[in-house]
>>> print(open('upload-v8.cif').read())   # mmCIF, C-alpha atoms and all ligand atoms
data_upload
#
loop_
_atom_site.label_atom_id
_atom_site.label_comp_id
_atom_site.auth_asym_id
_atom_site.auth_seq_id
_atom_site.Cartn_x
_atom_site.Cartn_y
_atom_site.Cartn_z
CA MET O 663 107.78 147.52 88.42
CA GLY O 664 107.10 151.18 89.18
CA ASP O 665 110.16 151.63 91.40
CA ASN O 666 113.47 151.11 89.71
CA ASN O 667 115.57 151.15 92.86
CA ASN O 668 115.05 148.27 95.26
CA ASN O 669 117.89 149.35 97.50
CA SER O 670 116.69 152.81 98.44
CA GLU O 671 117.01 154.13 101.99
CA ASN O 672 113.72 152.67 103.15
CA ALA O 673 114.45 149.21 101.78
CA VAL O 674 117.69 148.32 103.54
CA ILE O 675 118.41 144.60 103.71
CA TYR O 676 119.92 143.48 107.01
CA TYR O 677 122.19 140.45 107.16
CA SER O 678 123.10 138.51 110.28
CA LEU O 679 126.73 137.71 111.03
CA GLU O 680 125.83 134.06 110.64
CA GLU O 681 124.65 134.53 107.08
CA ILE O 682 127.53 136.84 106.20
CA SER O 683 130.04 134.32 107.52
CA LYS O 684 128.96 131.80 104.88
CA ASN O 685 130.15 134.12 102.09
CA THR O 686 133.89 133.71 102.42
CA GLY O 687 134.71 133.75 98.71
CA LEU O 688 135.98 130.19 99.09
CA ASN O 689 134.50 127.03 97.54
CA GLY O 690 132.51 128.98 94.98
CA THR O 691 130.75 131.22 97.50
CA LYS O 692 130.45 134.98 97.16
CA CYS O 693 132.95 137.17 99.00
CA TRP O 694 131.16 139.51 101.41
CA ILE O 695 132.93 141.84 103.77
CA ILE O 696 131.65 144.10 106.54
CA TYR O 697 133.01 147.63 106.65
CA LYS O 698 131.53 150.02 109.20
CA ASN O 699 128.36 147.96 109.58
CA ILE O 700 127.74 147.91 105.84
CA VAL O 701 127.85 144.62 103.95
CA TYR O 702 129.63 144.60 100.59
CA ASP O 703 129.70 141.81 98.03
CA VAL O 704 133.18 142.37 96.59
CA SER O 705 133.26 139.09 94.60
CA ASP O 706 133.61 140.93 91.30
CA TYR O 707 136.41 143.12 92.60
CA ILE O 708 138.80 140.74 94.32
CA THR O 709 140.79 139.72 91.24
CA GLU O 710 141.51 143.42 90.57
CA HIS O 711 142.73 144.17 94.06
CA PRO O 712 146.23 145.70 94.16
CA GLY O 713 148.56 143.42 96.08
CA GLY O 714 146.39 140.36 95.42
CA SER O 715 142.94 138.96 96.01
CA GLU O 716 144.07 137.12 99.15
CA LEU O 717 144.35 140.41 101.01
CA VAL O 718 140.57 140.72 100.61
CA THR O 719 139.47 137.07 100.77
CA GLU O 720 141.22 136.77 104.13
CA TYR O 721 138.31 138.90 105.37
CA GLY O 722 135.62 137.16 103.33
CA GLY O 723 132.53 136.68 105.50
CA LYS O 724 134.05 138.83 108.23
CA GLU O 725 134.35 142.20 109.84
CA SER O 726 137.10 144.03 107.92
CA THR O 727 136.85 147.62 109.14
CA LYS O 728 140.10 147.71 111.08
CA ALA O 729 142.08 145.79 108.44
CA PHE O 730 140.71 148.00 105.65
CA ASP O 731 141.54 151.21 107.52
CA ASP O 732 144.92 149.94 108.73
CA ALA O 733 145.90 149.25 105.10
CA GLY O 734 145.79 153.03 104.58
CA HIS O 735 143.33 152.92 101.70
CA SER O 736 142.93 156.13 99.71
CA THR O 737 139.65 158.03 99.46
CA ASP O 738 139.34 156.57 95.97
CA ALA O 739 139.59 153.06 97.38
CA LYS O 740 136.90 153.86 99.97
CA ASN O 741 134.63 155.23 97.28
CA MET O 742 135.14 152.06 95.24
CA LEU O 743 133.29 150.13 97.93
CA LYS O 744 130.01 151.94 97.28
CA PRO O 745 128.72 150.04 94.24
CA TYR O 746 129.30 146.75 96.05
CA LYS O 747 126.95 147.52 98.93
CA ILE O 748 124.27 144.84 99.33
CA GLY O 749 122.92 145.70 102.76
CA GLU O 750 123.78 146.33 106.38
CA LEU O 751 124.82 144.32 109.39
CA ALA O 752 121.84 143.29 111.52
CA MET O 753 121.39 145.67 114.45
CA GLU O 754 121.69 142.86 117.01
CA ASP O 755 125.11 141.89 115.63
CA ARG O 756 126.61 145.38 115.87
CA ASN O 757 128.93 146.55 118.61
CA GLN O 758 127.31 148.97 120.97
CA LYS O 759 129.47 151.84 119.77
CA GLY O 760 128.75 151.02 116.12
CA VAL O 761 124.99 151.35 116.41
CA LYS O 762 123.56 154.58 115.00
CA LYS O 763 126.96 155.93 114.01
CA ASN O 764 126.76 154.52 110.48
CA ILE O 765 123.06 154.74 110.07
CA LYS O 766 123.44 157.05 107.09
CA SER O 767 123.91 154.85 104.07
CA PRO O 768 126.77 155.68 101.67
CA ASP O 769 124.11 155.42 98.97
CA THR O 770 122.32 158.49 100.32
CA PRO O 771 121.93 160.80 97.35
CA TYR O 772 124.22 163.80 97.25
CA ARG O 773 122.46 166.90 98.45
CA ARG O 774 123.28 170.45 97.46
CA GLY O 775 125.69 172.10 99.86
CA CYS O 776 126.09 175.74 100.83
CA LEU O 777 128.39 176.47 97.89
CA ASN O 778 125.75 175.49 95.35
CA ILE O 779 123.21 177.69 97.05
CA VAL O 780 125.61 180.65 97.22
CA SER O 781 126.62 180.30 93.58
CA CYS O 782 122.99 180.00 92.51
CA GLY O 783 122.39 183.34 94.24
CA LEU O 784 125.42 184.95 92.56
CA LEU O 785 124.60 183.68 89.10
CA GLY O 786 120.97 184.67 89.50
C1 LIG E 1 138.91 143.79 103.15
C2 LIG E 1 140.16 143.82 103.37
C3 LIG E 1 141.19 144.56 102.57
C4 LIG E 1 142.50 144.62 102.94
C5 LIG E 1 143.12 143.97 104.15
C6 LIG E 1 143.18 145.41 101.93
C7 LIG E 1 144.52 145.70 101.95
C8 LIG E 1 145.20 146.43 101.01
C9 LIG E 1 146.63 146.62 100.97
C10 LIG E 1 147.62 146.01 101.97
C11 LIG E 1 146.90 147.41 99.91
C12 LIG E 1 148.28 147.85 99.42
C13 LIG E 1 148.70 146.81 98.38
C14 LIG E 1 149.95 147.15 97.61
O1 LIG E 1 150.28 148.35 97.49
O2 LIG E 1 150.58 146.22 97.12
C15 LIG E 1 145.64 147.74 99.28
C16 LIG E 1 145.49 148.58 98.18
C17 LIG E 1 144.30 148.92 97.60
N1 LIG E 1 143.06 148.41 97.93
FE1 LIG E 1 142.67 147.12 99.44
N2 LIG E 1 142.29 145.83 100.98
C18 LIG E 1 141.05 145.32 101.32
C19 LIG E 1 139.88 145.50 100.60
C20 LIG E 1 139.72 146.34 99.52
C21 LIG E 1 138.48 146.57 98.82
C22 LIG E 1 137.16 145.87 99.17
C23 LIG E 1 138.73 147.49 97.86
C24 LIG E 1 137.80 148.11 96.82
C25 LIG E 1 136.55 147.80 96.63
C26 LIG E 1 140.13 147.84 97.93
C27 LIG E 1 140.78 148.74 97.11
C28 LIG E 1 142.13 148.99 97.10
C29 LIG E 1 142.79 149.94 96.23
C30 LIG E 1 142.11 150.79 95.17
C31 LIG E 1 144.15 149.91 96.54
C32 LIG E 1 145.27 150.75 95.90
C33 LIG E 1 145.78 151.81 96.89
C34 LIG E 1 144.69 152.81 97.29
O3 LIG E 1 144.05 153.42 96.40
O4 LIG E 1 144.48 152.96 98.50
N3 LIG E 1 140.71 147.11 98.95
N4 LIG E 1 144.61 147.12 99.95
#
>>> encode(input="upload-v8.cif", output="structure tokens")
Amino acid sequence: MGDNNNNSENAVIYYSLEEISKNTGLNGTKCWIIYKNIVYDVSDYITEHPGGSELVTEYGGKESTKAFDDAGHSTDAKNMLKPYKIGELAMEDRNQKGVKKNIKSPDTPYRRGCLNIVSCGLLG
């Protein structure tokens, strides 16, 4: 009621690989993919995917980081993932080297950088 954002940094939902693997996009299920330890429900996007929905559904319910990066997606394409985030891969299902590295959620609010601070100073 009071809070209008259930998916803020302190309310991350973790999904196990087992649960994710049920969402293949086939047989009426949702299409979830894992990219860099983040879980995205891309069900509403797949029909718009350039080159066909099969390119995405092939990775439904699966780890897709390498395939997504190997496809040479643009920065725009990477940014398009953001609104589809539903949670993160359970810590126990991550590769050792993946732990911590992606702890910062892509939903983290944009913070003012140096340029903003400098220009504030200049403009008084
Ligand atoms: C998960 C596995 C995925 C694979 C293997 C994959 C693969 C590809 C390939 C091969 C292309 C080039 C198609 C062509 O030019 O005909 C492409 C383009 C594109 N894909 Fe994906 N894709 C995946 C997921 C996604 C997702 C989830 C999104 C967005 C939410 C996305 C957004 C785009 C966009 C915007 C393009 C146009 C080119 C660009 O801006 O990079 N893709 N993808």
>>> closest_atom_pairs(input="upload-v8.cif", of="chain O", to="ligand LIG 1 (chain E)", cutoff="9 Å", atoms="all atoms listed in the file", output="CSV")
residue,atom,partner,partner_atom,distance
O:Ile695,CA,E:LIG1,C1,6.3
O:Ile696,CA,E:LIG1,C1,8.0
O:Tyr697,CA,E:LIG1,C1,7.9
O:Tyr702,CA,E:LIG1,C22,7.8
O:Asp703,CA,E:LIG1,C22,8.6
O:Val704,CA,E:LIG1,C22,5.9
O:Tyr707,CA,E:LIG1,C25,6.2
O:Ile708,CA,E:LIG1,C22,7.2
O:Glu710,CA,E:LIG1,C27,8.5
O:His711,CA,E:LIG1,C28,5.7
O:Pro712,CA,E:LIG1,C16,5.0
O:Gly713,CA,E:LIG1,O2,3.6
O:Gly714,CA,E:LIG1,O2,7.4
O:Ser715,CA,E:LIG1,C18,8.5
O:Glu716,CA,E:LIG1,C5,8.5
O:Leu717,CA,E:LIG1,C5,4.9
O:Val718,CA,E:LIG1,C2,4.2
O:Thr719,CA,E:LIG1,C1,7.2
O:Glu720,CA,E:LIG1,C2,7.2
O:Tyr721,CA,E:LIG1,C1,5.4
O:Gly722,CA,E:LIG1,C1,7.4
O:Lys724,CA,E:LIG1,C1,8.6
O:Glu725,CA,E:LIG1,C1,8.3
O:Ser726,CA,E:LIG1,C1,5.1
O:Thr727,CA,E:LIG1,C1,7.4
O:Lys728,CA,E:LIG1,C5,8.4
O:Ala729,CA,E:LIG1,C5,4.8
O:Phe730,CA,E:LIG1,C3,4.6
O:Asp731,CA,E:LIG1,C4,8.1
O:Asp732,CA,E:LIG1,C5,7.7
O:Ala733,CA,E:LIG1,C10,4.8
O:Gly734,CA,E:LIG1,O4,6.2
O:His735,CA,E:LIG1,O4,3.4
O:Ser736,CA,E:LIG1,O4,3.7
O:Thr737,CA,E:LIG1,O4,7.1
O:Asp738,CA,E:LIG1,O3,5.7
O:Ala739,CA,E:LIG1,C30,4.0
O:Lys740,CA,E:LIG1,C24,6.6
O:Asn741,CA,E:LIG1,C25,7.7
O:Met742,CA,E:LIG1,C25,4.7
O:Leu743,CA,E:LIG1,C25,4.2
O:Lys744,CA,E:LIG1,C25,7.8
O:Pro745,CA,E:LIG1,C25,8.5
O:Tyr746,CA,E:LIG1,C25,7.3
>>> closest_residue(input="upload-v8.cif", among="O:Trp694, O:Ala752, O:Lys747, O:Ile700", to="O:Ile682", atoms="all atoms listed in the file")
O:Trp694
>>> atom_distance(input="upload-v8.cif", atom1="atom CA of O:Gly690", atom2="atom CA of O:Gly749")
20.8 Å
>>> atom_distance(input="upload-v8.cif", atom1="atom CA of O:Asp706", atom2="atom CA of O:Gly723")
14.9 Å
>>> atom_distance(input="upload-v8.cif", atom1="atom CA of O:Glu754", atom2="atom CA of O:Gly687")
24.2 Å
>>> closest_residue(input="upload-v8.cif", among="O:Thr691, O:Thr686, O:Ser705, O:Asn699", to="O:Gln758", atoms="all atoms listed in the file")
O:Asn699
>>> build_atoms(input="upload-v8.cif", residues="stretch 680-707 of chain O", atoms="N, CA and C atoms", output="compact mmCIF listing (two decimals), keeping the file's coordinate frame")
# COMPACT_ATOMS: atom_id res chain seq x y z
N GLU O 680 125.83 135.47 111.00
CA GLU O 680 125.83 134.06 110.64
C GLU O 680 125.73 133.90 109.12
N GLU O 681 124.81 134.64 108.52
CA GLU O 681 124.65 134.53 107.08
C GLU O 681 125.87 135.09 106.35
N ILE O 682 126.37 136.23 106.83
CA ILE O 682 127.53 136.84 106.20
C ILE O 682 128.72 135.88 106.22
N SER O 683 128.86 135.18 107.35
CA SER O 683 130.04 134.32 107.52
C SER O 683 130.08 133.14 106.55
N LYS O 684 128.97 132.88 105.88
CA LYS O 684 128.96 131.80 104.88
C LYS O 684 129.55 132.26 103.55
N ASN O 685 129.68 133.57 103.37
CA ASN O 685 130.15 134.12 102.09
C ASN O 685 131.61 134.53 102.19
N THR O 686 132.46 133.51 102.19
CA THR O 686 133.89 133.71 102.42
C THR O 686 134.66 133.93 101.13
N GLY O 687 134.00 133.68 99.99
CA GLY O 687 134.71 133.75 98.71
C GLY O 687 135.40 132.44 98.39
N LEU O 688 135.35 131.50 99.30
CA LEU O 688 135.98 130.19 99.09
C LEU O 688 134.93 129.19 98.62
N ASN O 689 135.39 128.11 98.00
CA ASN O 689 134.50 127.03 97.54
C ASN O 689 133.31 127.53 96.72
N GLY O 690 133.57 128.51 95.88
CA GLY O 690 132.51 128.98 94.98
C GLY O 690 131.49 129.90 95.62
N THR O 691 131.70 130.29 96.88
CA THR O 691 130.75 131.22 97.50
C THR O 691 131.13 132.66 97.15
N LYS O 692 130.19 133.56 97.35
CA LYS O 692 130.45 134.98 97.16
C LYS O 692 131.39 135.47 98.26
N CYS O 693 132.06 136.60 97.99
CA CYS O 693 132.95 137.17 99.00
C CYS O 693 132.32 138.45 99.54
N TRP O 694 131.76 138.34 100.76
CA TRP O 694 131.16 139.51 101.41
C TRP O 694 132.09 140.00 102.49
N ILE O 695 132.18 141.29 102.64
CA ILE O 695 132.93 141.84 103.77
C ILE O 695 132.05 142.87 104.49
N ILE O 696 132.36 143.07 105.77
CA ILE O 696 131.65 144.10 106.54
C ILE O 696 132.62 145.26 106.76
N TYR O 697 132.21 146.43 106.37
CA TYR O 697 133.01 147.63 106.65
C TYR O 697 132.07 148.67 107.25
N LYS O 698 132.35 149.04 108.48
CA LYS O 698 131.53 150.02 109.20
C LYS O 698 130.04 149.69 109.15
N ASN O 699 129.74 148.44 109.48
CA ASN O 699 128.36 147.96 109.58
C ASN O 699 127.63 147.84 108.24
N ILE O 700 128.34 148.09 107.15
CA ILE O 700 127.74 147.91 105.84
C ILE O 700 128.29 146.61 105.24
N VAL O 701 127.43 145.89 104.56
CA VAL O 701 127.85 144.62 103.95
C VAL O 701 128.08 144.84 102.46
N TYR O 702 129.27 144.45 102.00
CA TYR O 702 129.63 144.60 100.59
C TYR O 702 129.89 143.24 99.99
N ASP O 703 129.37 143.01 98.79
CA ASP O 703 129.70 141.81 98.03
C ASP O 703 130.79 142.21 97.04
N VAL O 704 132.04 141.92 97.41
CA VAL O 704 133.18 142.37 96.59
C VAL O 704 133.70 141.26 95.67
N SER O 705 132.86 140.23 95.44
CA SER O 705 133.26 139.09 94.60
C SER O 705 133.83 139.52 93.25
N ASP O 706 133.19 140.52 92.64
CA ASP O 706 133.61 140.93 91.30
C ASP O 706 134.84 141.84 91.33
N TYR O 707 135.26 142.21 92.51
CA TYR O 707 136.41 143.12 92.60
C TYR O 707 137.71 142.40 92.97
